[in-house]
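Here's coords35.csv, which has CSV, C-alpha atoms and all ligand atoms:
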```csv
chain,number,residue,atom,x,y,z
A,267,MET,CA,5.6,5.6,-7.1
A,268,ARG,CA,7.5,6.5,-4.0
A,269,VAL,CA,5.7,7.1,-0.7
A,270,LEU,CA,6.9,9.8,1.8
A,271,SER,CA,5.5,9.0,5.2
A,272,PHE,CA,6.1,12.1,7.3
A,273,GLY,CA,5.1,11.2,10.8
A,274,SER,CA,5.7,10.4,14.5
A,275,LEU,CA,8.1,7.9,16.0
A,276,ASN,CA,7.2,6.9,19.5
A,277,ILE,CA,8.4,4.6,22.2
A,278,ASP,CA,5.3,2.9,23.5
A,279,TYR,CA,5.3,1.9,27.2
A,280,VAL,CA,2.4,-0.6,27.4
A,281,TYR,CA,1.1,-1.4,30.9
A,282,ASP,CA,-1.3,-4.4,31.1
A,283,VAL,CA,-4.0,-3.4,33.5
A,284,PRO,CA,-7.1,-5.2,35.0
A,285,HIS,CA,-9.2,-2.2,34.0
A,286,PHE,CA,-8.6,1.4,32.9
A,287,ILE,CA,-7.5,3.5,35.9
A,288,THR,CA,-10.1,5.8,37.3
A,289,ARG,CA,-9.9,9.2,39.2
A,290,GLY,CA,-7.9,9.0,42.4
A,291,GLU,CA,-7.1,5.3,42.0
A,292,THR,CA,-3.6,3.7,42.4
A,293,MET,CA,-3.4,0.3,40.6
A,294,ALA,CA,-0.6,-2.2,40.1
A,295,ALA,CA,0.1,-3.0,36.5
A,296,LEU,CA,0.2,-6.7,35.6
A,297,ALA,CA,3.1,-6.3,33.1
A,298,LEU,CA,5.1,-3.6,31.3
A,299,ASN,CA,6.4,-4.0,27.7
A,300,THR,CA,8.2,-1.5,25.5
A,301,TYR,CA,7.5,-1.4,21.8
A,302,SER,CA,8.3,0.8,18.8
A,303,GLY,CA,5.2,2.8,17.8
A,304,GLY,CA,3.8,6.1,16.7
A,305,LYS,CA,1.2,6.4,14.1
A,306,GLY,CA,3.7,7.6,11.6
A,307,LEU,CA,6.2,4.8,12.2
A,308,ASN,CA,3.4,2.1,12.3
A,309,GLN,CA,2.0,3.3,9.0
A,310,SER,CA,5.5,3.4,7.4
A,311,VAL,CA,6.0,-0.2,8.5
A,312,ALA,CA,2.6,-1.3,7.2
A,313,LEU,CA,3.1,0.5,3.8
A,314,SER,CA,6.5,-1.1,3.4
A,315,LYS,CA,5.5,-4.6,4.5
A,316,ALA,CA,2.5,-4.3,2.2
A,317,GLY,CA,5.0,-3.9,-0.7
A,318,LEU,CA,5.6,-0.1,-1.4
A,319,GLU,CA,8.8,1.9,-1.6
A,320,VAL,CA,8.6,4.0,1.6
A,321,PHE,CA,10.7,6.9,2.9
A,322,HIS,CA,10.0,7.9,6.5
A,323,ALA,CA,10.6,11.5,7.6
A,324,GLY,CA,10.4,12.7,11.2
A,325,ALA,CA,12.6,13.3,14.3
A,326,VAL,CA,13.9,11.4,17.3
A,327,GLY,CA,16.0,12.1,20.3
A,328,GLU,CA,19.0,10.0,21.2
A,329,GLU,CA,17.1,7.4,23.2
A,330,GLY,CA,14.9,6.7,20.2
A,331,LEU,CA,17.6,5.6,17.7
A,332,PHE,CA,16.3,2.0,18.0
A,333,LEU,CA,13.1,3.2,16.3
A,334,ILE,CA,15.1,4.0,13.2
A,335,SER,CA,16.5,0.4,13.2
A,336,GLU,CA,12.9,-0.9,13.5
A,337,LEU,CA,11.9,1.0,10.4
A,338,GLU,CA,15.0,-0.2,8.5
A,339,SER,CA,14.4,-3.8,9.4
A,340,ALA,CA,10.9,-3.4,7.8
A,341,GLY,CA,12.5,-2.1,4.6
A,342,VAL,CA,11.8,1.6,5.1
A,343,ASN,CA,14.3,4.2,4.0
A,344,THR,CA,15.2,6.5,7.0
A,345,LYS,CA,17.4,9.1,5.5
A,346,TYR,CA,14.9,11.9,6.2
A,347,ILE,CA,14.7,11.3,9.9
A,348,ALA,CA,16.4,14.0,12.0
A,349,ARG,CA,18.4,12.9,15.1
A,350,LEU,CA,18.0,15.6,17.7
A,351,LYS,CA,20.2,16.3,20.7
A,352,ASP,CA,18.8,17.2,24.1
A,353,ILE,CA,15.2,16.5,23.0
A,354,ARG,CA,13.2,13.5,24.3
A,355,THR,CA,11.9,11.1,21.7
A,356,GLY,CA,8.1,11.0,21.5
A,357,HIS,CA,6.6,8.4,23.7
A,358,THR,CA,3.3,7.1,25.0
A,359,ILE,CA,2.0,5.5,28.1
A,360,ILE,CA,-0.6,3.0,27.1
A,361,GLN,CA,-3.0,1.1,29.3
A,362,ARG,CA,-4.0,-2.2,27.7
A,363,ASN,CA,-7.0,-3.9,29.4
A,364,THR,CA,-7.9,-7.6,29.4
A,365,ASP,CA,-10.1,-7.2,26.2
A,366,GLY,CA,-7.0,-5.8,24.3
A,367,ASP,CA,-8.4,-2.3,24.3
A,368,ASN,CA,-6.3,0.7,25.1
A,369,CYS,CA,-6.1,4.2,26.5
A,370,ILE,CA,-3.1,6.3,25.4
A,371,ILE,CA,-1.2,9.3,26.9
A,372,LEU,CA,0.9,10.9,24.2
A,373,PHE,CA,4.1,13.0,24.7
A,374,GLY,CA,5.1,14.7,21.5
A,375,GLY,CA,8.8,15.4,22.2
A,376,ALA,CA,10.9,15.3,19.0
A,377,ASN,CA,7.8,14.7,16.9
A,378,ARG,CA,6.9,18.3,17.6
A,379,GLN,CA,10.2,19.8,16.5
A,380,ILE,CA,9.8,19.4,12.8
A,381,THR,CA,11.1,22.6,11.0
A,382,LYS,CA,9.8,24.2,7.8
A,383,GLU,CA,13.4,23.7,6.5
A,384,GLN,CA,13.2,19.9,7.1
A,385,ILE,CA,9.8,19.8,5.4
A,386,ASP,CA,11.1,21.8,2.4
A,387,SER,CA,14.3,19.9,2.0
A,388,THR,CA,12.5,16.6,2.2
A,389,LEU,CA,9.7,17.5,-0.2
A,390,ALA,CA,12.3,18.8,-2.7
A,391,ASP,CA,13.2,15.2,-3.4
A,392,PHE,CA,9.6,14.2,-4.3
A,393,SER,CA,7.4,15.1,-7.3
A,394,LYS,CA,4.2,14.6,-9.1
A,395,GLY,CA,2.8,11.1,-8.8
A,396,ASP,CA,4.6,10.4,-5.5
A,397,ALA,CA,2.5,10.2,-2.3
A,398,LEU,CA,2.6,11.9,1.1
A,399,VAL,CA,1.0,10.0,4.1
A,400,ILE,CA,0.4,12.1,7.2
A,401,GLN,CA,-1.3,11.9,10.6
A,402,ASN,CA,-1.6,14.4,13.5
A,403,GLU,CA,1.3,13.5,15.8
A,404,ILE,CA,3.8,16.0,14.3
A,405,ASN,CA,3.7,19.7,13.9
A,406,ASP,CA,3.1,21.8,10.7
A,407,ILE,CA,1.0,19.2,8.8
A,408,GLU,CA,-1.0,21.9,7.1
A,409,TYR,CA,2.1,23.5,5.6
A,410,MET,CA,3.3,20.0,4.6
A,411,ALA,CA,0.1,19.0,2.9
A,412,SER,CA,-0.3,22.3,1.0
A,413,ARG,CA,3.3,22.0,-0.3
A,414,ALA,CA,2.8,18.4,-1.3
A,415,GLN,CA,-0.4,19.4,-3.2
A,416,GLU,CA,1.5,22.1,-5.0
A,417,LEU,CA,4.1,19.5,-6.1
A,418,GLY,CA,1.3,17.3,-7.5
A,419,MET,CA,1.8,14.6,-4.9
A,420,ILE,CA,-1.1,12.4,-3.8
A,421,VAL,CA,-2.0,13.3,-0.1
A,422,ALA,CA,-3.3,10.7,2.2
A,423,PHE,CA,-4.4,11.9,5.6
A,424,ASN,CA,-5.3,10.1,8.8
A,425,PRO,CA,-6.6,12.9,11.1
A,426,SER,CA,-5.6,11.2,14.4
A,427,PRO,CA,-5.6,12.4,17.1
A,428,MET,CA,-8.3,14.7,15.9
A,429,GLU,CA,-8.4,18.4,17.0
A,430,GLU,CA,-10.0,21.5,15.7
A,431,LYS,CA,-6.8,23.1,14.4
A,432,ILE,CA,-6.2,20.4,11.8
A,433,ILE,CA,-9.6,20.9,10.0
A,434,PRO,CA,-7.9,23.1,7.4
A,435,VAL,CA,-5.7,20.1,6.4
A,436,PHE,CA,-8.7,18.1,5.1
A,437,LYS,CA,-9.0,20.2,1.9
A,438,TYR,CA,-5.6,19.1,0.7
A,439,ALA,CA,-6.2,15.4,1.1
A,440,ASP,CA,-7.0,13.0,-1.7
A,441,TYR,CA,-7.6,10.1,0.7
A,442,ILE,CA,-9.0,10.6,4.2
A,443,LEU,CA,-9.0,7.6,6.6
A,444,LEU,CA,-10.8,8.3,9.9
A,445,ASN,CA,-13.0,6.7,12.5
A,446,GLU,CA,-16.5,7.7,13.6
A,447,VAL,CA,-15.4,9.9,16.5
A,448,GLU,CA,-13.0,11.8,14.3
A,449,ALA,CA,-15.7,12.1,11.6
A,450,GLY,CA,-18.1,13.6,14.2
A,451,GLN,CA,-15.5,16.1,15.3
A,452,PHE,CA,-14.8,17.1,11.7
A,453,LEU,CA,-18.5,17.5,10.9
A,454,ARG,CA,-19.1,19.3,14.2
A,455,GLN,CA,-22.2,17.4,14.9
A,456,ASP,CA,-23.6,14.6,17.0
A,457,ILE,CA,-23.4,11.6,14.7
A,458,THR,CA,-24.6,8.9,17.1
A,459,ALA,CA,-28.0,8.6,15.4
A,460,LEU,CA,-26.5,8.4,11.9
A,461,SER,CA,-25.7,5.2,10.0
A,462,PRO,CA,-22.0,4.8,8.9
A,463,GLU,CA,-23.2,5.4,5.3
A,464,ASP,CA,-24.9,8.6,6.3
A,465,ILE,CA,-21.8,9.8,8.1
A,466,ALA,CA,-19.8,9.0,4.9
A,467,LYS,CA,-22.4,11.0,2.8
A,468,SER,CA,-22.1,14.0,5.2
A,469,LEU,CA,-18.3,13.8,4.8
A,470,LEU,CA,-18.6,13.7,1.0
A,471,ASN,CA,-20.9,16.7,1.0
A,472,LYS,CA,-18.1,18.7,2.6
A,473,LEU,CA,-15.3,17.0,0.7
A,474,PRO,CA,-16.7,16.0,-2.7
A,475,ASP,CA,-13.4,15.3,-4.4
A,476,SER,CA,-12.0,13.1,-1.6
A,477,LYS,CA,-11.9,9.4,-1.2
A,478,ILE,CA,-13.1,8.6,2.3
A,479,VAL,CA,-12.5,5.5,4.4
A,480,LEU,CA,-14.5,5.4,7.6
A,481,THR,CA,-13.3,2.7,10.0
A,482,LEU,CA,-15.8,1.2,12.4
A,483,GLY,CA,-13.8,-1.2,14.6
A,484,THR,CA,-15.5,-4.6,14.8
A,485,ASN,CA,-18.3,-3.3,12.6
A,486,GLY,CA,-15.9,-3.1,9.6
A,487,SER,CA,-15.4,0.0,7.4
A,488,VAL,CA,-17.0,2.1,4.7
A,489,TYR,CA,-15.4,3.3,1.5
A,490,ALA,CA,-17.0,6.3,-0.2
A,491,ASP,CA,-16.2,8.6,-3.1
A,492,LYS,CA,-18.3,10.6,-5.6
A,493,ASN,CA,-19.0,7.4,-7.6
A,494,ILE,CA,-19.3,4.5,-5.2
A,495,MET,CA,-20.0,3.6,-1.6
A,496,PHE,CA,-19.8,0.2,0.0
A,497,ARG,CA,-19.3,-1.6,3.4
A,498,GLN,CA,-16.4,-3.9,4.1
A,499,SER,CA,-17.0,-6.3,7.0
A,500,ALA,CA,-14.4,-6.9,9.7
A,501,VAL,CA,-12.6,-10.2,9.9
A,502,LYS,CA,-13.6,-12.0,13.1
A,503,VAL,CA,-10.6,-12.8,15.4
A,504,ASN,CA,-9.7,-13.0,19.1
A,505,ALA,CA,-8.1,-9.6,19.7
A,506,VAL,CA,-5.2,-9.4,22.3
A,507,ASP,CA,-4.1,-5.8,21.4
A,508,THR,CA,-5.8,-3.3,19.2
A,509,THR,CA,-2.9,-0.9,19.2
A,510,ALA,CA,-1.9,0.0,15.6
A,511,ALA,CA,-4.9,-1.9,14.1
A,512,GLY,CA,-5.9,1.4,12.4
A,513,ASP,CA,-2.4,2.1,11.3
A,514,THR,CA,-2.1,-1.3,9.7
A,515,PHE,CA,-5.4,-0.8,8.0
A,516,THR,CA,-4.3,2.6,6.6
A,517,GLY,CA,-0.9,1.2,5.3
A,518,PHE,CA,-2.4,-1.8,3.6
A,519,PHE,CA,-5.4,0.1,2.1
A,520,LEU,CA,-3.1,2.7,0.6
A,521,SER,CA,-0.7,0.1,-0.7
A,522,GLY,CA,-3.5,-1.6,-2.5
A,523,ILE,CA,-4.7,1.7,-4.0
A,524,PHE,CA,-1.2,3.0,-4.9
A,525,GLY,CA,-0.5,-0.4,-6.4
A,526,GLY,CA,-3.4,0.0,-8.8
A,527,LYS,CA,-5.9,-2.3,-7.1
A,528,THR,CA,-9.6,-1.4,-6.8
A,529,PRO,CA,-11.0,0.2,-3.6
A,530,GLU,CA,-13.0,-3.1,-3.1
A,531,TRP,CA,-9.8,-5.2,-3.2
A,532,SER,CA,-7.8,-2.7,-1.1
A,533,MET,CA,-10.5,-2.5,1.6
A,534,LYS,CA,-10.5,-6.3,1.9
A,535,PHE,CA,-6.7,-6.4,2.0
A,536,ALA,CA,-6.6,-3.8,4.7
A,537,SER,CA,-9.3,-5.5,6.8
A,538,HIS,CA,-7.4,-8.8,6.7
A,539,ALA,CA,-4.2,-7.1,7.6
A,540,SER,CA,-5.6,-5.3,10.7
A,541,ALA,CA,-7.3,-8.5,11.8
A,542,ILE,CA,-3.9,-10.2,12.0
A,543,ALA,CA,-2.4,-7.2,13.8
A,544,VAL,CA,-4.9,-7.3,16.6
A,545,THR,CA,-4.0,-10.9,17.4
A,546,ARG,CA,-0.4,-9.8,18.3
A,547,PRO,CA,0.9,-7.6,21.1
A,548,GLY,CA,2.5,-4.2,20.4
A,549,ALA,CA,2.2,-1.6,17.7
A,550,ALA,CA,4.8,-1.9,14.9
A,551,PRO,CA,5.8,-5.5,15.8
A,552,SER,CA,2.1,-6.5,15.2
A,553,VAL,CA,2.1,-5.5,11.6
A,554,PRO,CA,1.9,-8.6,9.3
A,555,THR,CA,3.7,-9.1,6.0
A,556,ARG,CA,2.0,-8.9,2.6
A,557,GLU,CA,2.4,-12.7,2.2
A,558,GLU,CA,0.7,-13.3,5.5
A,559,VAL,CA,-2.2,-11.1,4.6
A,560,LEU,CA,-2.6,-12.6,1.1
A,561,ALA,CA,-2.6,-16.1,2.6
A,562,LYS,CA,-5.4,-15.1,5.1
A,563,MET,CA,-7.5,-13.6,2.2
J,601,LIG,O1,-2.0,4.2,16.5
J,601,LIG,C1,-1.3,3.6,17.5
J,601,LIG,C2,-0.2,4.5,18.0
J,601,LIG,O2,-0.7,5.6,18.6
J,601,LIG,C3,0.7,3.9,19.0
J,601,LIG,O3,1.8,3.2,18.5
J,601,LIG,C4,1.1,5.1,19.9
J,601,LIG,O4,2.4,5.5,19.7
J,601,LIG,C5,0.2,6.2,19.5
J,601,LIG,O5,0.8,7.2,18.7
```

Using structure tokens, write down the structure that the file contains.
Ligand code: RIB
Amino acid sequence: MRVLSFGSLNIDYVYDVPHFITRGETMAALALNTYSGGKGLNQSVALSKAGLEVFHAGAVGEEGLFLISELESAGVNTKYIARLKDIRTGHTIIQRNTDGDNCIILFGGANRQITKEQIDSTLADFSKGDALVIQNEINDIEYMASRAQELGMIVAFNPSPMEEKIIPVFKYADYILLNEVEAGQFLRQDITALSPEDIAKSLLNKLPDSKIVLTLGTNGSVYADKNIMFRQSAVKVNAVDTTAAGDTFTGFFLSGIFGGKTPEWSMKFASHASAIAVTRPGAAPSVPTREEVLAKM
């Protein structure tokens, strides 16, 4: 199986701060680091480091060419990435606090310049049994997912950042990986009083043929499909940076599933991978190798 990861490439500007900035405040940052990131890029790196054959499609401006090198050094094929002139590469401004938590401002740039022609010409090289992995940091994901489904591809969807207009994409997804906030937005209800298992059941009521992974941060994660539901606990570590923890989880979970492993094994694999990622700074650079994760398991 080949995996087409069609998603964002971002330059992450990470500012270490004593606390998240509040209205009207001016605050000196403690440090600034620049990393390769973007949910698409991070998940491509994770899928590839976890052992799959991965092709990344997306777009960058001229100052983002180093992001392509980062993907290539993780073993990802980059031939479907458009290099655009006179368009800024996608970037983020990330505040990272002393607990390793973050707040992110996202600028789409080249990530929002994906054309239907690029989508069609890329998908033309893929077929039944291949997989498409998408998030919500590029444009036209509904078109992409519907075309991939027509081709018989497996569609995995991480609806992040969540917004109303991507709700139609859910119906095309075989695998949906999301957190509780995103689940509440999809369900259009206040889920604060619901247990994670009840949230997963509500999702399955609306999406009975999907396989759902609900991530719960330090409370672990829940896997649910029409036959089984179980909780995977989080692996306890001292977090320094949670950026890309979810992307690492997604990449390693899907690599387990696409590699023929059970949901139980894949959830454990993913949870150990993201536990390693949070002990390292940055987004893509924090993603571990398959060997590191197996050793930790
Ligand atoms: O999921 C983490 C990613 O979200 C960061 O790398 C940043 O680019 C944002 O897109």

Got a sec to check which residues lie within 6 Å of ligand LIG 601 (chain J), using all atoms listed in the file, and send them as a PDB file with C-alpha atoms, keeping the file's coordinate frame?
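part_18.pdb written:
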```pdb
ATOM      1  CA  ASN A 276       7.200   6.900  19.500  1.00  0.00           C
ATOM      2  CA  ASP A 278       5.300   2.900  23.500  1.00  0.00           C
ATOM      3  CA  GLY A 303       5.200   2.800  17.800  1.00  0.00           C
ATOM      4  CA  GLY A 304       3.800   6.100  16.700  1.00  0.00           C
ATOM      5  CA  LYS A 305       1.200   6.400  14.100  1.00  0.00           C
ATOM      6  CA  THR A 358       3.300   7.100  25.000  1.00  0.00           C
ATOM      7  CA  THR A 509      -2.900  -0.900  19.200  1.00  0.00           C
ATOM      8  CA  ALA A 510      -1.900   0.000  15.600  1.00  0.00           C
ATOM      9  CA  ASP A 513      -2.400   2.100  11.300  1.00  0.00           C
ATOM     10  CA  ALA A 549       2.200  -1.600  17.700  1.00  0.00           C
TER      11      ALA A 549
END
```

Using all atoms listed in the file, the residue out of A:Gly273, A:Pro554, A:Pro434, A:Pro547 with shortest distance to A:Arg378 is A:Gly273

Spatial neighbours of A:Phe518, max dist 6 Å, all atoms listed in the file, sep filter under 3 positions, as a JSON list (two decimals) with C-alpha atoms, in the coordinates of the input:
```json
[["chain", "number", "residue", "atom", "x", "y", "z"],
["A", 313, "LEU", "CA", 3.10, 0.50, 3.80],
["A", 316, "ALA", "CA", 2.50, -4.30, 2.20],
["A", 515, "PHE", "CA", -5.40, -0.80, 8.00],
["A", 521, "SER", "CA", -0.70, 0.10, -0.70],
["A", 536, "ALA", "CA", -6.60, -3.80, 4.70]]
```

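What separates atom CA of A:Thr516 from atom CA of A:His285 is a distance of 28.2 Å.
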
Min atom-atom distance to A:Ile287 from the set A:Ser426, A:Ser468, A:Ser412, A:Asn368, counting all atoms listed in the file, belongs to A:Asn368

Using the partial input, fill out stretch 286-314 of chain A with N, CA and C atoms; write the result as a CSV table (one decimal), in the frame of the given file.
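Heads up, here's the output in out_14.csv:
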```csv
chain,number,residue,atom,x,y,z
A,286,PHE,N,-9.1,0.1,33.0
A,286,PHE,CA,-8.6,1.4,32.9
A,286,PHE,C,-8.7,2.2,34.2
A,287,ILE,N,-7.6,2.8,34.5
A,287,ILE,CA,-7.5,3.5,35.9
A,287,ILE,C,-8.6,4.6,36.0
A,288,THR,N,-9.1,4.8,37.1
A,288,THR,CA,-10.1,5.8,37.3
A,288,THR,C,-9.6,6.9,38.3
A,289,ARG,N,-10.3,8.0,38.4
A,289,ARG,CA,-9.9,9.2,39.2
A,289,ARG,C,-9.5,8.8,40.6
A,290,GLY,N,-8.3,9.2,41.0
A,290,GLY,CA,-7.9,9.0,42.4
A,290,GLY,C,-7.4,7.6,42.7
A,291,GLU,N,-7.4,6.7,41.7
A,291,GLU,CA,-7.1,5.3,42.0
A,291,GLU,C,-5.6,5.0,41.8
A,292,THR,N,-5.0,4.2,42.6
A,292,THR,CA,-3.6,3.7,42.4
A,292,THR,C,-3.8,2.2,42.1
A,293,MET,N,-3.2,1.7,41.0
A,293,MET,CA,-3.4,0.3,40.6
A,293,MET,C,-2.1,-0.3,40.2
A,294,ALA,N,-1.8,-1.5,40.6
A,294,ALA,CA,-0.6,-2.2,40.1
A,294,ALA,C,-0.8,-2.7,38.7
A,295,ALA,N,0.2,-2.5,37.8
A,295,ALA,CA,0.1,-3.0,36.5
A,295,ALA,C,0.5,-4.5,36.5
A,296,LEU,N,-0.1,-5.3,35.6
A,296,LEU,CA,0.2,-6.7,35.6
A,296,LEU,C,1.5,-7.0,34.8
A,297,ALA,N,1.9,-6.1,33.9
A,297,ALA,CA,3.1,-6.3,33.1
A,297,ALA,C,3.4,-4.9,32.4
A,298,LEU,N,4.7,-4.8,32.0
A,298,LEU,CA,5.1,-3.6,31.3
A,298,LEU,C,5.9,-4.1,30.1
A,299,ASN,N,5.6,-3.7,28.9
A,299,ASN,CA,6.4,-4.0,27.7
A,299,ASN,C,6.6,-2.7,26.9
A,300,THR,N,7.8,-2.6,26.3
A,300,THR,CA,8.2,-1.5,25.5
A,300,THR,C,8.2,-1.8,24.0
A,301,TYR,N,7.5,-1.1,23.2
A,301,TYR,CA,7.5,-1.4,21.8
A,301,TYR,C,7.8,-0.1,21.0
A,302,SER,N,8.2,-0.3,19.7
A,302,SER,CA,8.3,0.8,18.8
A,302,SER,C,6.9,1.1,18.3
A,303,GLY,N,6.6,2.4,18.2
A,303,GLY,CA,5.2,2.8,17.8
A,303,GLY,C,5.2,4.2,17.3
A,304,GLY,N,4.1,4.8,17.4
A,304,GLY,CA,3.8,6.1,16.7
A,304,GLY,C,3.0,5.9,15.5
A,305,LYS,N,2.0,6.7,15.3
A,305,LYS,CA,1.2,6.4,14.1
A,305,LYS,C,2.0,6.5,12.8
A,306,GLY,N,2.9,7.5,12.8
A,306,GLY,CA,3.7,7.6,11.6
A,306,GLY,C,4.6,6.4,11.3
A,307,LEU,N,5.3,5.9,12.4
A,307,LEU,CA,6.2,4.8,12.2
A,307,LEU,C,5.4,3.5,11.9
A,308,ASN,N,4.3,3.3,12.6
A,308,ASN,CA,3.4,2.1,12.3
A,308,ASN,C,3.0,2.1,10.9
A,309,GLN,N,2.5,3.3,10.4
A,309,GLN,CA,2.0,3.3,9.0
A,309,GLN,C,3.1,3.1,8.0
A,310,SER,N,4.3,3.6,8.3
A,310,SER,CA,5.5,3.4,7.4
A,310,SER,C,5.8,1.9,7.3
A,311,VAL,N,5.8,1.2,8.5
A,311,VAL,CA,6.0,-0.2,8.5
A,311,VAL,C,5.0,-1.0,7.7
A,312,ALA,N,3.7,-0.6,7.9
A,312,ALA,CA,2.6,-1.3,7.2
A,312,ALA,C,2.7,-1.0,5.7
A,313,LEU,N,3.0,0.2,5.3
A,313,LEU,CA,3.1,0.5,3.8
A,313,LEU,C,4.2,-0.3,3.2
A,314,SER,N,5.4,-0.4,3.9
A,314,SER,CA,6.5,-1.1,3.4
A,314,SER,C,6.3,-2.6,3.4
```
